[in-house]
$ cat run_13.csv   # CSV, C-alpha atoms
chain,number,residue,atom,x,y,z
A,687,MET,CA,22.3,287.2,-30.2
A,688,ASN,CA,18.6,288.2,-30.1
A,689,LEU,CA,18.6,290.3,-27.0
A,690,PHE,CA,14.9,289.8,-26.1
A,691,ARG,CA,14.3,286.2,-27.2
A,692,SER,CA,17.3,284.3,-25.8
A,693,ARG,CA,17.6,286.0,-22.4
A,694,GLY,CA,14.5,288.2,-21.9
A,695,TRP,CA,14.8,291.7,-20.5
A,696,ILE,CA,17.4,291.7,-17.8
A,697,PHE,CA,16.5,293.4,-14.5
A,698,VAL,CA,19.2,295.1,-12.4
A,699,TRP,CA,18.9,292.6,-9.6
A,700,GLY,CA,19.8,290.0,-12.1
A,701,THR,CA,16.3,288.6,-12.9
A,702,SER,CA,15.3,287.9,-16.5
A,703,LEU,CA,11.9,288.5,-17.9
A,704,LEU,CA,11.5,284.8,-18.8
A,705,ALA,CA,11.9,283.9,-15.2
A,706,VAL,CA,9.5,286.4,-13.7
A,707,LEU,CA,7.0,287.4,-16.4
A,708,GLY,CA,7.1,284.9,-19.2
A,709,ILE,CA,5.8,282.1,-17.0
A,710,ALA,CA,2.2,282.6,-18.1
A,711,LEU,CA,3.2,280.5,-21.1
A,712,ALA,CA,3.7,277.5,-18.9
A,713,ARG,CA,0.5,278.1,-17.0
A,714,GLY,CA,-1.6,278.2,-20.2
A,715,GLN,CA,-3.2,281.5,-19.2
A,716,SER,CA,-3.2,285.0,-20.7
A,717,THR,CA,-2.8,287.0,-17.5
A,718,PRO,CA,-0.5,286.6,-14.5
A,719,PRO,CA,-2.2,285.2,-11.4
A,720,LYS,CA,-3.5,287.3,-8.6
A,721,SER,CA,-0.7,286.1,-6.3
A,722,MET,CA,1.8,288.0,-8.4
A,723,SER,CA,-0.1,291.3,-8.0
A,724,GLY,CA,0.9,292.0,-4.4
A,725,VAL,CA,-2.7,292.0,-3.3
A,726,GLY,CA,-3.2,289.9,-0.1
A,727,VAL,CA,-3.9,286.5,-1.7
A,728,ALA,CA,-2.7,283.4,0.0
A,729,PRO,CA,0.3,281.8,-1.8
A,730,LYS,CA,-0.6,278.9,-4.1
A,731,LEU,CA,1.2,275.7,-4.6
A,732,ALA,CA,3.1,275.0,-7.8
A,733,GLU,CA,0.5,272.5,-9.1
A,734,GLU,CA,-2.3,275.1,-8.6
A,735,GLU,CA,-0.5,277.7,-10.7
A,736,TYR,CA,1.2,275.6,-13.4
A,737,LYS,CA,0.2,272.8,-15.6
A,738,ASN,CA,1.6,269.2,-15.4
A,739,ILE,CA,3.6,269.6,-12.2
A,740,GLN,CA,4.8,266.2,-11.0
A,741,ALA,CA,8.2,266.0,-9.2
A,742,LEU,CA,7.8,269.4,-7.5
A,743,LYS,CA,4.3,269.1,-6.2
A,744,GLY,CA,3.7,270.8,-2.8
A,745,ILE,CA,6.3,273.6,-3.2
A,746,PRO,CA,5.1,277.3,-3.2
A,747,ALA,CA,4.3,278.4,-6.8
A,748,GLU,CA,6.8,281.3,-6.5
A,749,GLN,CA,9.6,278.9,-5.9
A,750,LEU,CA,9.1,276.9,-9.2
A,751,ILE,CA,10.9,279.4,-11.5
A,752,PRO,CA,13.9,279.8,-9.1
A,753,SER,CA,14.1,276.0,-9.0
A,754,MET,CA,14.2,275.9,-12.8
A,755,GLN,CA,16.9,278.5,-12.7
A,756,PHE,CA,18.9,276.3,-10.3
A,757,ILE,CA,18.6,273.3,-12.7
A,758,ALA,CA,19.6,275.4,-15.7
A,759,ALA,CA,22.7,276.7,-13.9
A,760,SER,CA,23.6,273.3,-12.5
A,761,LEU,CA,23.5,271.7,-16.0
A,762,GLY,CA,24.7,274.7,-18.0
A,763,VAL,CA,21.6,274.7,-20.3
A,764,GLU,CA,18.7,276.9,-21.3
A,765,CYS,CA,15.0,276.3,-20.8
A,766,GLU,CA,14.6,274.8,-24.2
A,767,TYR,CA,16.9,271.9,-23.3
A,768,CYS,CA,14.0,270.3,-21.4
A,769,HIS,CA,11.0,272.3,-22.5
A,770,VAL,CA,9.1,272.8,-25.7
A,771,PRO,CA,9.1,276.6,-26.4
A,772,ARG,CA,5.7,278.2,-25.7
A,773,GLN,CA,4.3,274.8,-24.6
A,774,MET,CA,6.4,274.3,-21.5
A,775,ASP,CA,3.8,271.9,-19.9
A,776,LYS,CA,4.4,269.3,-22.6
A,777,ASP,CA,6.5,266.2,-22.0
A,778,ASP,CA,7.7,265.8,-25.5
A,779,LYS,CA,11.4,266.0,-24.7
A,780,LYS,CA,13.3,263.2,-23.0
A,781,PRO,CA,15.5,265.5,-20.9
A,782,LYS,CA,12.4,266.7,-19.1
A,783,VAL,CA,11.3,263.2,-18.2
A,784,THR,CA,14.8,262.4,-17.1
A,785,ALA,CA,14.9,265.6,-15.0
A,786,ARG,CA,11.9,264.4,-13.0
A,787,LYS,CA,13.6,261.1,-12.2
A,788,MET,CA,16.8,262.9,-11.1
A,789,ILE,CA,14.8,265.2,-8.8
A,790,ASN,CA,13.1,262.3,-7.2
A,791,MET,CA,16.5,260.5,-6.9
A,792,MET,CA,18.1,263.5,-5.3
A,793,MET,CA,15.3,263.9,-2.8
A,794,ALA,CA,15.5,260.2,-1.9
A,795,ILE,CA,19.2,260.4,-1.4
A,796,ASN,CA,18.9,263.3,1.0
A,797,LYS,CA,16.0,261.7,2.9
A,798,GLU,CA,17.6,258.3,3.3
A,799,ASN,CA,21.2,259.4,4.0
A,800,PHE,CA,21.1,263.0,5.3
A,801,GLU,CA,18.0,263.1,7.5
A,802,GLY,CA,16.2,265.1,4.9
A,803,HIS,CA,18.8,267.9,4.9
A,804,ARG,CA,19.6,269.1,1.3
A,805,GLU,CA,23.2,268.0,1.1
A,806,VAL,CA,23.1,266.6,-2.5
A,807,THR,CA,21.9,268.8,-5.3
A,808,CYS,CA,21.9,268.7,-9.1
A,809,TYR,CA,25.1,270.6,-9.0
A,810,SER,CA,26.8,268.0,-6.9
A,811,CYS,CA,27.2,265.8,-10.0
A,812,HIS,CA,26.7,268.0,-13.0
A,813,ARG,CA,29.0,270.9,-12.1
A,814,GLY,CA,27.7,273.0,-15.0
A,815,SER,CA,27.6,270.2,-17.5
A,816,ALA,CA,24.5,268.5,-19.0
A,817,ASN,CA,26.3,265.1,-18.5
A,818,PRO,CA,27.8,264.3,-15.1
A,819,VAL,CA,31.6,263.6,-15.1
A,820,ALA,CA,32.0,260.2,-13.4
A,821,THR,CA,35.8,259.9,-13.8
A,822,PRO,CA,38.4,262.1,-12.1
A,823,ILE,CA,40.1,264.5,-14.6
A,824,ILE,CA,43.9,264.2,-15.0
A,825,SER,CA,45.5,267.7,-14.9
A,826,ALA,CA,49.0,268.9,-15.6
A,827,ASP,CA,48.9,270.9,-12.5
A,828,GLU,CA,49.3,269.3,-9.1
A,829,PRO,CA,46.0,269.6,-7.2
A,830,PRO,CA,46.2,271.5,-3.9
A,831,HIS,CA,46.1,269.4,-0.8
A,832,GLU,CA,44.5,271.0,2.2
A,833,SER,CA,43.3,270.0,5.7
A,834,ALA,CA,39.8,270.2,6.9
A,835,GLU,CA,40.5,273.8,8.0
A,836,GLY,CA,41.6,274.8,4.5
A,837,VAL,CA,45.3,275.0,5.4
A,838,LYS,CA,48.0,273.4,3.2
A,839,PRO,CA,50.4,270.9,4.8
A,840,GLY,CA,53.3,272.6,6.4
A,841,GLU,CA,51.6,276.0,6.6
A,842,PRO,CA,50.7,277.5,10.0
A,843,LYS,CA,47.0,278.2,10.6
A,844,PRO,CA,46.4,281.9,9.9
A,845,VAL,CA,45.5,284.2,12.7
A,846,LEU,CA,42.4,286.0,11.6
A,847,PRO,CA,40.9,289.2,13.1
A,848,PRO,CA,37.5,289.1,14.7
A,849,ALA,CA,34.4,289.9,12.6
A,850,ASP,CA,33.5,293.0,14.6
A,851,GLN,CA,36.9,294.4,13.9
A,852,LEU,CA,36.6,293.9,10.1
A,853,LEU,CA,33.0,295.3,10.1
A,854,ASP,CA,34.2,298.4,12.0
A,855,LYS,CA,37.2,298.8,9.6
A,856,TYR,CA,34.7,298.7,6.7
A,857,LEU,CA,32.5,301.4,8.2
A,858,ASN,CA,35.5,303.6,8.9
A,859,ALA,CA,37.0,303.0,5.5
A,860,ILE,CA,34.0,304.5,3.7
A,861,GLY,CA,34.0,307.5,6.0
A,862,GLY,CA,32.4,306.5,9.3
A,863,SER,CA,28.9,306.3,10.7
A,864,GLU,CA,28.4,310.1,10.9
A,865,ALA,CA,29.3,310.8,7.3
A,866,LEU,CA,27.2,307.8,6.1
A,867,GLN,CA,24.1,309.0,8.0
A,868,LYS,CA,24.3,312.5,6.6
A,869,VAL,CA,23.3,311.0,3.2
A,870,ILE,CA,19.5,310.8,2.9
A,871,SER,CA,19.3,310.4,-0.9
A,872,ARG,CA,21.5,309.6,-3.9
A,873,VAL,CA,21.0,309.9,-7.6
A,874,GLN,CA,23.4,308.1,-10.0
A,875,LYS,CA,23.6,308.2,-13.7
A,876,GLY,CA,25.8,305.9,-15.8
A,877,THR,CA,26.0,303.0,-18.2
A,878,LEU,CA,24.9,299.4,-17.8
A,879,ILE,CA,27.1,297.0,-19.8
A,880,ALA,CA,25.6,293.6,-20.6
A,881,PHE,CA,24.7,291.1,-23.4
A,882,GLY,CA,28.2,290.7,-24.7
A,883,GLY,CA,29.4,294.3,-24.2
A,884,GLN,CA,26.3,296.3,-25.2
A,885,HIS,CA,25.9,299.6,-23.4
A,886,PHE,CA,22.6,301.1,-22.1
A,887,PRO,CA,22.0,304.3,-20.1
A,888,VAL,CA,20.9,303.6,-16.5
A,889,ASP,CA,19.6,305.8,-13.7
A,890,VAL,CA,19.7,304.8,-10.0
A,891,TYR,CA,17.7,306.6,-7.4
A,892,SER,CA,18.1,305.9,-3.7
A,893,LYS,CA,16.5,307.3,-0.6
A,894,ALA,CA,17.1,306.5,3.1
A,895,PRO,CA,16.6,304.2,4.7
A,896,GLU,CA,15.9,301.6,2.0
A,897,LYS,CA,14.2,302.9,-1.1
A,898,ARG,CA,15.8,302.3,-4.5
A,899,LEU,CA,14.8,302.5,-8.2
A,900,THR,CA,17.0,301.5,-11.1
A,901,VAL,CA,15.9,302.3,-14.7
A,902,MET,CA,17.7,300.7,-17.6
A,903,HIS,CA,16.8,302.6,-20.9
A,904,LEU,CA,16.4,300.1,-23.7
A,905,ALA,CA,15.4,300.6,-27.3
A,906,ASN,CA,12.0,299.0,-26.7
A,907,GLY,CA,11.3,300.7,-23.5
A,908,ASP,CA,12.6,300.9,-19.9
A,909,SER,CA,13.4,298.0,-17.6
A,910,VAL,CA,12.7,299.0,-14.0
A,911,THR,CA,13.7,297.4,-10.7
A,912,ALA,CA,12.4,299.1,-7.5
A,913,PHE,CA,12.0,298.7,-3.8
A,914,ASP,CA,9.8,301.1,-1.8
A,915,GLY,CA,11.1,300.1,1.6
A,916,LYS,CA,8.6,297.2,2.0
A,917,GLN,CA,7.7,295.8,-1.4
A,918,GLY,CA,9.8,295.4,-4.5
A,919,TRP,CA,8.7,295.2,-8.1
A,920,LEU,CA,10.1,294.8,-11.6
A,921,SER,CA,8.5,296.1,-14.8
A,922,VAL,CA,8.8,296.5,-18.6
A,923,PRO,CA,6.2,298.4,-20.6
A,924,GLY,CA,2.8,296.8,-19.9
A,925,ARG,CA,4.0,294.2,-17.4
A,926,VAL,CA,4.7,294.3,-13.7
A,927,HIS,CA,6.0,291.6,-11.4
A,928,MET,CA,5.7,292.1,-7.6
A,929,MET,CA,8.6,290.6,-5.8
A,930,SER,CA,8.3,287.5,-3.6
A,931,ALA,CA,9.4,287.5,0.0
A,932,THR,CA,12.8,286.1,-1.0
A,933,GLU,CA,13.3,288.7,-3.7
A,934,ASN,CA,12.2,291.4,-1.3
A,935,ALA,CA,14.9,290.4,1.2
A,936,ALA,CA,17.6,290.7,-1.4
A,937,ALA,CA,16.2,294.0,-2.8
A,938,GLY,CA,16.0,295.5,0.7
A,939,MET,CA,19.6,294.7,1.3
A,940,ASP,CA,20.7,296.3,-2.0
A,941,ALA,CA,18.5,299.3,-1.3
A,942,ASP,CA,19.8,300.0,2.2
A,943,LEU,CA,21.8,303.3,2.1
A,944,TYR,CA,23.2,302.5,5.5
A,945,PHE,CA,24.2,298.9,4.8
A,946,PRO,CA,27.7,299.3,6.2
A,947,LEU,CA,26.2,300.4,9.5
A,948,HIS,CA,23.3,297.9,9.5
A,949,VAL,CA,25.0,294.7,8.3
A,950,ARG,CA,26.0,293.5,11.7
A,951,THR,CA,22.3,293.4,12.7
A,952,LEU,CA,21.2,291.3,9.8
A,953,TYR,CA,22.7,288.0,11.0
A,954,GLU,CA,23.0,286.2,14.4
A,955,LYS,CA,26.7,285.5,14.2
A,956,PHE,CA,29.7,286.0,11.9
A,957,ARG,CA,32.7,283.9,11.1
A,958,VAL,CA,36.0,285.0,9.6
A,959,ASP,CA,37.9,282.9,7.0
A,960,PRO,CA,40.8,283.5,4.7
A,961,GLY,CA,39.4,285.2,1.6
A,962,GLU,CA,40.5,284.8,-2.1
A,963,LYS,CA,42.4,287.3,-4.1
A,964,ILE,CA,40.0,289.7,-5.9
A,965,ASP,CA,41.5,292.0,-8.7
A,966,GLY,CA,44.9,291.6,-7.1
A,967,HIS,CA,43.7,292.4,-3.6
A,968,ASP,CA,44.1,290.0,-0.7
A,969,THR,CA,40.8,289.7,1.3
A,970,TYR,CA,39.3,288.5,4.5
A,971,LEU,CA,36.0,286.6,4.2
A,972,VAL,CA,33.3,287.4,6.7
A,973,VAL,CA,30.3,285.0,6.6
A,974,GLY,CA,27.1,285.9,8.3
A,975,HIS,CA,24.9,283.1,9.6
A,976,SER,CA,21.4,282.8,10.9
A,977,GLU,CA,19.2,279.8,11.6
A,978,ALA,CA,16.4,280.7,9.2
A,979,GLN,CA,18.2,282.2,6.2
A,980,PRO,CA,21.1,281.4,3.8
A,981,PRO,CA,24.6,282.7,4.7
A,982,LEU,CA,25.9,286.1,3.5
A,983,ARG,CA,29.6,286.2,2.3
A,984,LEU,CA,31.5,289.5,2.5
A,985,TYR,CA,35.0,289.9,1.1
A,986,PHE,CA,36.9,292.8,2.6
A,987,ASP,CA,40.2,294.2,1.2
A,988,LYS,CA,42.9,293.4,3.8
A,989,GLU,CA,44.6,296.8,3.5
A,990,SER,CA,41.8,299.3,2.9
A,991,GLY,CA,39.0,297.4,4.6
A,992,LEU,CA,36.6,298.2,1.7
A,993,LEU,CA,34.0,295.7,0.6
A,994,LEU,CA,35.1,294.1,-2.7
A,995,ARG,CA,32.5,291.3,-3.0
A,996,LEU,CA,29.2,290.3,-1.6
A,997,ILE,CA,27.6,286.9,-2.3
A,998,ARG,CA,24.1,286.1,-1.2
A,999,TYR,CA,21.8,283.1,-1.8
A,1000,ALA,CA,18.2,282.4,-2.6
A,1001,GLU,CA,16.8,279.1,-1.3
A,1002,THR,CA,14.9,276.8,-3.6
A,1003,PRO,CA,13.7,273.3,-3.0
A,1004,LEU,CA,16.6,272.0,-5.1
A,1005,GLY,CA,19.5,274.2,-3.9
A,1006,ARG,CA,20.7,277.7,-3.5
A,1007,ASN,CA,20.8,280.2,-6.3
A,1008,PRO,CA,23.9,282.5,-5.8
A,1009,THR,CA,24.1,286.2,-6.6
A,1010,GLN,CA,27.6,287.8,-6.5
A,1011,ILE,CA,28.2,291.6,-6.5
A,1012,ASP,CA,31.7,292.9,-7.0
A,1013,TYR,CA,32.3,296.5,-6.0
A,1014,ALA,CA,35.1,298.6,-7.5
A,1015,ASP,CA,36.2,302.2,-8.4
A,1016,TYR,CA,35.6,303.6,-5.0
A,1017,ARG,CA,35.6,307.4,-5.1
A,1018,ASP,CA,35.1,310.2,-2.5
A,1019,ALA,CA,31.7,311.8,-2.6
A,1020,LYS,CA,31.7,314.6,0.0
A,1021,GLY,CA,33.5,312.7,2.7
A,1022,LEU,CA,32.0,309.3,1.8
A,1023,ARG,CA,33.7,306.6,-0.3
A,1024,VAL,CA,31.2,305.1,-2.7
A,1025,PRO,CA,31.8,302.4,-5.4
A,1026,PHE,CA,31.3,303.9,-8.8
A,1027,ARG,CA,31.3,300.5,-10.5
A,1028,TRP,CA,29.6,297.2,-9.5
A,1029,THR,CA,29.2,294.0,-11.3
A,1030,LEU,CA,26.3,291.6,-10.6
A,1031,SER,CA,26.8,288.0,-11.6
A,1032,ARG,CA,24.5,285.0,-11.5
A,1033,PRO,CA,24.8,281.7,-13.3
A,1034,GLY,CA,24.1,282.5,-16.9
A,1035,ASN,CA,24.1,286.3,-16.8
A,1036,GLN,CA,26.2,289.2,-15.7
A,1037,PHE,CA,26.1,293.0,-16.0
A,1038,THR,CA,28.1,295.9,-14.9
A,1039,ILE,CA,27.0,299.4,-13.9
A,1040,GLN,CA,29.5,302.2,-14.3
A,1041,VAL,CA,28.5,305.4,-12.6
A,1042,GLU,CA,29.4,308.6,-14.4
A,1043,GLN,CA,27.5,311.2,-12.3
A,1044,LEU,CA,26.6,311.0,-8.6
A,1045,HIS,CA,24.6,313.6,-6.6
A,1046,GLN,CA,23.7,313.2,-2.9
A,1047,ASN,CA,21.0,314.8,-0.7
A,1048,VAL,CA,19.0,315.9,-3.7
A,1049,PRO,CA,15.1,315.8,-3.6
A,1050,VAL,CA,13.7,312.4,-4.6
A,1051,ASP,CA,9.9,312.0,-4.5
A,1052,ASP,CA,8.6,308.9,-2.6
A,1053,ALA,CA,6.1,308.5,-5.5
A,1054,LYS,CA,9.0,307.5,-7.7
A,1055,PHE,CA,9.3,304.1,-5.9
A,1056,ALA,CA,5.6,303.2,-6.1
A,1057,ALA,CA,4.7,300.3,-8.4
A,1058,PRO,CA,2.6,301.1,-11.5
A,1059,PRO,CA,-1.1,300.6,-11.3
A,1060,PRO,CA,-2.1,297.0,-10.9
A,1061,THR,CA,-4.2,297.1,-14.1
A,1062,GLN,CA,-0.9,296.9,-16.0
A,1063,THR,CA,-0.3,293.4,-14.7
A,1064,ALA,CA,-3.4,292.1,-16.6
A,1065,GLN,CA,-2.1,292.7,-20.1
A,1066,LYS,CA,-1.3,289.7,-22.2
A,1067,PRO,CA,2.5,289.0,-22.5
A,1068,PRO,CA,3.9,288.5,-26.0
A,1069,ALA,CA,5.2,285.1,-27.0
A,1070,PRO,CA,9.0,284.9,-26.5

$ encode --input "run_13.csv" --output "structure tokens"
Amino acid sequence: MNLFRSRGWIFVWGTSLLAVLGIALARGQSTPPKSMSGVGVAPKLAEEEYKNIQALKGIPAEQLIPSMQFIAASLGVECEYCHVPRQMDKDDKKPKVTARKMINMMMAINKENFEGHREVTCYSCHRGSANPVATPIISADEPPHESAEGVKPGEPKPVLPPADQLLDKYLNAIGGSEALQKVISRVQKGTLIAFGGQHFPVDVYSKAPEKRLTVMHLANGDSVTAFDGKQGWLSVPGRVHMMSATENAAAGMDADLYFPLHVRTLYEKFRVDPGEKIDGHDTYLVVGHSEAQPPLRLYFDKESGLLLRLIRYAETPLGRNPTQIDYADYRDAKGLRVPFRWTLSRPGNQFTIQVEQLHQNVPVDDAKFAAPPPTQTAQKPPAP
């Protein structure tokens, strides 16, 4: 596999270069727009930033690429399935024309049948296949039959602990509030495993309350993902992408050194459901809900109380893009239990970071988290 052509540079929050930087090819311009620079420019609409926008007119420009990611994940395809490489505004491919019709059909179904709520999406029918499956599949295994509450016939409804109890158990499992707040910085060095098992050195710098910088060292230069406490950015040599509001929210959550303490303040209410088995561990699922944001799903080990999986979502006009982070290899770090391995998965890509060295409360300069000079954003990106 050609590492840089087929997937782009992978950033450690799971964003590919094609998604956040290569979009200038679709715009027909040689420099990224000012709205990506982080300077106070009003957000533009998709049709103002890109050429030949039809079905998705009126959406914010920053939501167009996430929408394309949602379509690709729903159909299990790459960009080239619909688009002409390096001429993405062209309508030469029939799947692109069909995709517009499907988007309009989906929006009409939701408008006419679900009061405009996005209940039907591309994934509702495609389920990861370019061609929807219209006929039920016959399987050798008997399908599970469950009630509306997710309970199989004959089984008693499980008694679940309250969310506050599980969140308290998680905080205590890692060492408690006092031990957590004693940590003001953390430096981790290890290996990032991606692209079919390839290994790359990686450094992660964290500073309380929510600054984080991750550097993946590649043969052609460093891929950097950072959050300075307010604004996130991603870069490769000569190119910088300032994160959108949605990306900032995710980056801030990942960067929060005190997340086990702060998590209960992030959502208005929490619900507890039976969780799935993760690496042989039974879990409880705690779901955070707020009116104005997608839910957060947290899977806690029933025995230890440790967080084993986190799933968050990014809203797009077509559906939610999921990001899953699995935490493992918890070790003691001066009274605090820290995961030494985490795997980030999104539709179409996955990587694992295995920590080999960890140092806490070491000096970390705030300047490390600052984005490179804006002039670097004006350099012409190479053709993919």

$ closest_residue --input "run_13.csv" --among "A:Phe1037, A:Val949, A:Pro1058, A:Gly802" --to "A:Gly883" --atoms "all atoms listed in the file"
A:Phe1037

$ residues_around --input "run_13.csv" --residues "A:Val1024" --least-positions-apart "4" --cutoff "9 Å" --atoms "only C-alpha atoms" --output "JSON, numbers by chain"
{"A": [860, 1014, 1015, 1016, 1017, 1018, 1019]}

$ closest_atom_pairs --input "run_13.csv" --of "stretch 940-1052 of chain A" --to "stretch 899-921 of chain A" --cutoff "10 Å" --atoms "all atoms listed in the file" --output "JSON lines"
{"residue": "A:Asp940", "atom": "CA", "partner": "A:Phe913", "partner_atom": "CA", "distance": 9.2}
{"residue": "A:Ala941", "atom": "CA", "partner": "A:Phe913", "partner_atom": "CA", "distance": 7.0}
{"residue": "A:Asp942", "atom": "CA", "partner": "A:Gly915", "partner_atom": "CA", "distance": 8.7}
{"residue": "A:Asp1052", "atom": "CA", "partner": "A:Asp914", "partner_atom": "CA", "distance": 7.9}

$ residues_around --input "run_13.csv" --residues "stretch 868-872 of chain A" --least-positions-apart "3" --cutoff "6 Å" --atoms "all atoms listed in the file" --output "VMD selection string"
chain A and resid 865 891 to 894 1045 to 1047

$ write_last_selection --input "run_13.csv" --atoms "C-alpha atoms" --output "CSV table (one decimal), keeping the file's coordinate frame"
chain,number,residue,atom,x,y,z
A,865,ALA,CA,29.3,310.8,7.3
A,891,TYR,CA,17.7,306.6,-7.4
A,892,SER,CA,18.1,305.9,-3.7
A,893,LYS,CA,16.5,307.3,-0.6
A,894,ALA,CA,17.1,306.5,3.1
A,1045,HIS,CA,24.6,313.6,-6.6
A,1046,GLN,CA,23.7,313.2,-2.9
A,1047,ASN,CA,21.0,314.8,-0.7

$ residues_around --input "run_13.csv" --residues "stretch 752-769 of chain A" --least-positions-apart "6" --cutoff "9 Å" --atoms "all atoms listed in the file" --output "PyMOL selection string"
chain A and resi 692+705+775-783+785+807-818+1000-1007+1032-1034

$ atom_distance --input "run_13.csv" --atom1 "atom CA of A:Thr877" --atom2 "atom CA of A:Gly991"
26.8 Å

$ atom_distance --input "run_13.csv" --atom1 "atom CA of A:Lys1020" --atom2 "atom CA of A:Pro1049"
17.0 Å

$ residues_around --input "run_13.csv" --residues "A:Asp959" --least-positions-apart "5" --cutoff "10 Å" --atoms "all atoms listed in the file" --output "PyMOL selection string"
chain A and resi 835-836+844-849+969-973+985

$ write_last_selection --input "run_13.csv" --atoms "C-alpha atoms" --output "tab-separated table (two decimals), keeping the file's coordinate frame"
chain	number	residue	atom	x	y	z
A	835	GLU	CA	40.50	273.80	8.00
A	836	GLY	CA	41.60	274.80	4.50
A	844	PRO	CA	46.40	281.90	9.90
A	845	VAL	CA	45.50	284.20	12.70
A	846	LEU	CA	42.40	286.00	11.60
A	847	PRO	CA	40.90	289.20	13.10
A	848	PRO	CA	37.50	289.10	14.70
A	849	ALA	CA	34.40	289.90	12.60
A	969	THR	CA	40.80	289.70	1.30
A	970	TYR	CA	39.30	288.50	4.50
A	971	LEU	CA	36.00	286.60	4.20
A	972	VAL	CA	33.30	287.40	6.70
A	973	VAL	CA	30.30	285.00	6.60
A	985	TYR	CA	35.00	289.90	1.10

$ build_atoms --input "run_13.csv" --residues "stretch 1014-1026 of chain A" --atoms "N, CA and C atoms" --output "PDB file, in the frame of the given file"
ATOM      1  N   ALA A1014      33.829 298.122  -7.070  1.00  0.00           N
ATOM      2  CA  ALA A1014      35.100 298.600  -7.500  1.00  0.00           C
ATOM      3  C   ALA A1014      35.020 300.143  -7.741  1.00  0.00           C
ATOM      4  N   ASP A1015      36.168 300.750  -8.072  1.00  0.00           N
ATOM      5  CA  ASP A1015      36.200 302.200  -8.400  1.00  0.00           C
ATOM      6  C   ASP A1015      35.611 303.043  -7.315  1.00  0.00           C
ATOM      7  N   TYR A1016      36.081 302.809  -6.088  1.00  0.00           N
ATOM      8  CA  TYR A1016      35.600 303.600  -5.000  1.00  0.00           C
ATOM      9  C   TYR A1016      36.131 305.064  -5.130  1.00  0.00           C
ATOM     10  N   ARG A1017      35.237 306.031  -4.965  1.00  0.00           N
ATOM     11  CA  ARG A1017      35.600 307.400  -5.100  1.00  0.00           C
ATOM     12  C   ARG A1017      35.010 308.220  -3.889  1.00  0.00           C
ATOM     13  N   ASP A1018      35.632 309.358  -3.605  1.00  0.00           N
ATOM     14  CA  ASP A1018      35.100 310.200  -2.500  1.00  0.00           C
ATOM     15  C   ASP A1018      33.929 311.015  -3.023  1.00  0.00           C
ATOM     16  N   ALA A1019      32.857 310.989  -2.245  1.00  0.00           N
ATOM     17  CA  ALA A1019      31.700 311.800  -2.600  1.00  0.00           C
ATOM     18  C   ALA A1019      31.298 312.569  -1.305  1.00  0.00           C
ATOM     19  N   LYS A1020      31.942 313.719  -1.181  1.00  0.00           N
ATOM     20  CA  LYS A1020      31.700 314.600   0.000  1.00  0.00           C
ATOM     21  C   LYS A1020      31.948 313.910   1.292  1.00  0.00           C
ATOM     22  N   GLY A1021      33.124 313.280   1.414  1.00  0.00           N
ATOM     23  CA  GLY A1021      33.500 312.700   2.700  1.00  0.00           C
ATOM     24  C   GLY A1021      33.083 311.214   2.812  1.00  0.00           C
ATOM     25  N   LEU A1022      32.426 310.666   1.795  1.00  0.00           N
ATOM     26  CA  LEU A1022      32.000 309.300   1.800  1.00  0.00           C
ATOM     27  C   LEU A1022      32.521 308.535   0.627  1.00  0.00           C
ATOM     28  N   ARG A1023      33.157 307.402   0.838  1.00  0.00           N
ATOM     29  CA  ARG A1023      33.700 306.600  -0.300  1.00  0.00           C
ATOM     30  C   ARG A1023      32.617 305.685  -0.812  1.00  0.00           C
ATOM     31  N   VAL A1024      32.345 305.829  -2.107  1.00  0.00           N
ATOM     32  CA  VAL A1024      31.200 305.100  -2.700  1.00  0.00           C
ATOM     33  C   VAL A1024      31.767 304.356  -3.961  1.00  0.00           C
ATOM     34  N   PRO A1025      31.343 303.100  -4.179  1.00  0.00           N
ATOM     35  CA  PRO A1025      31.800 302.400  -5.400  1.00  0.00           C
ATOM     36  C   PRO A1025      31.076 302.976  -6.620  1.00  0.00           C
ATOM     37  N   PHE A1026      31.861 303.362  -7.611  1.00  0.00           N
ATOM     38  CA  PHE A1026      31.300 303.900  -8.800  1.00  0.00           C
ATOM     39  C   PHE A1026      31.122 302.804  -9.899  1.00  0.00           C
TER      40      PHE A1026
END
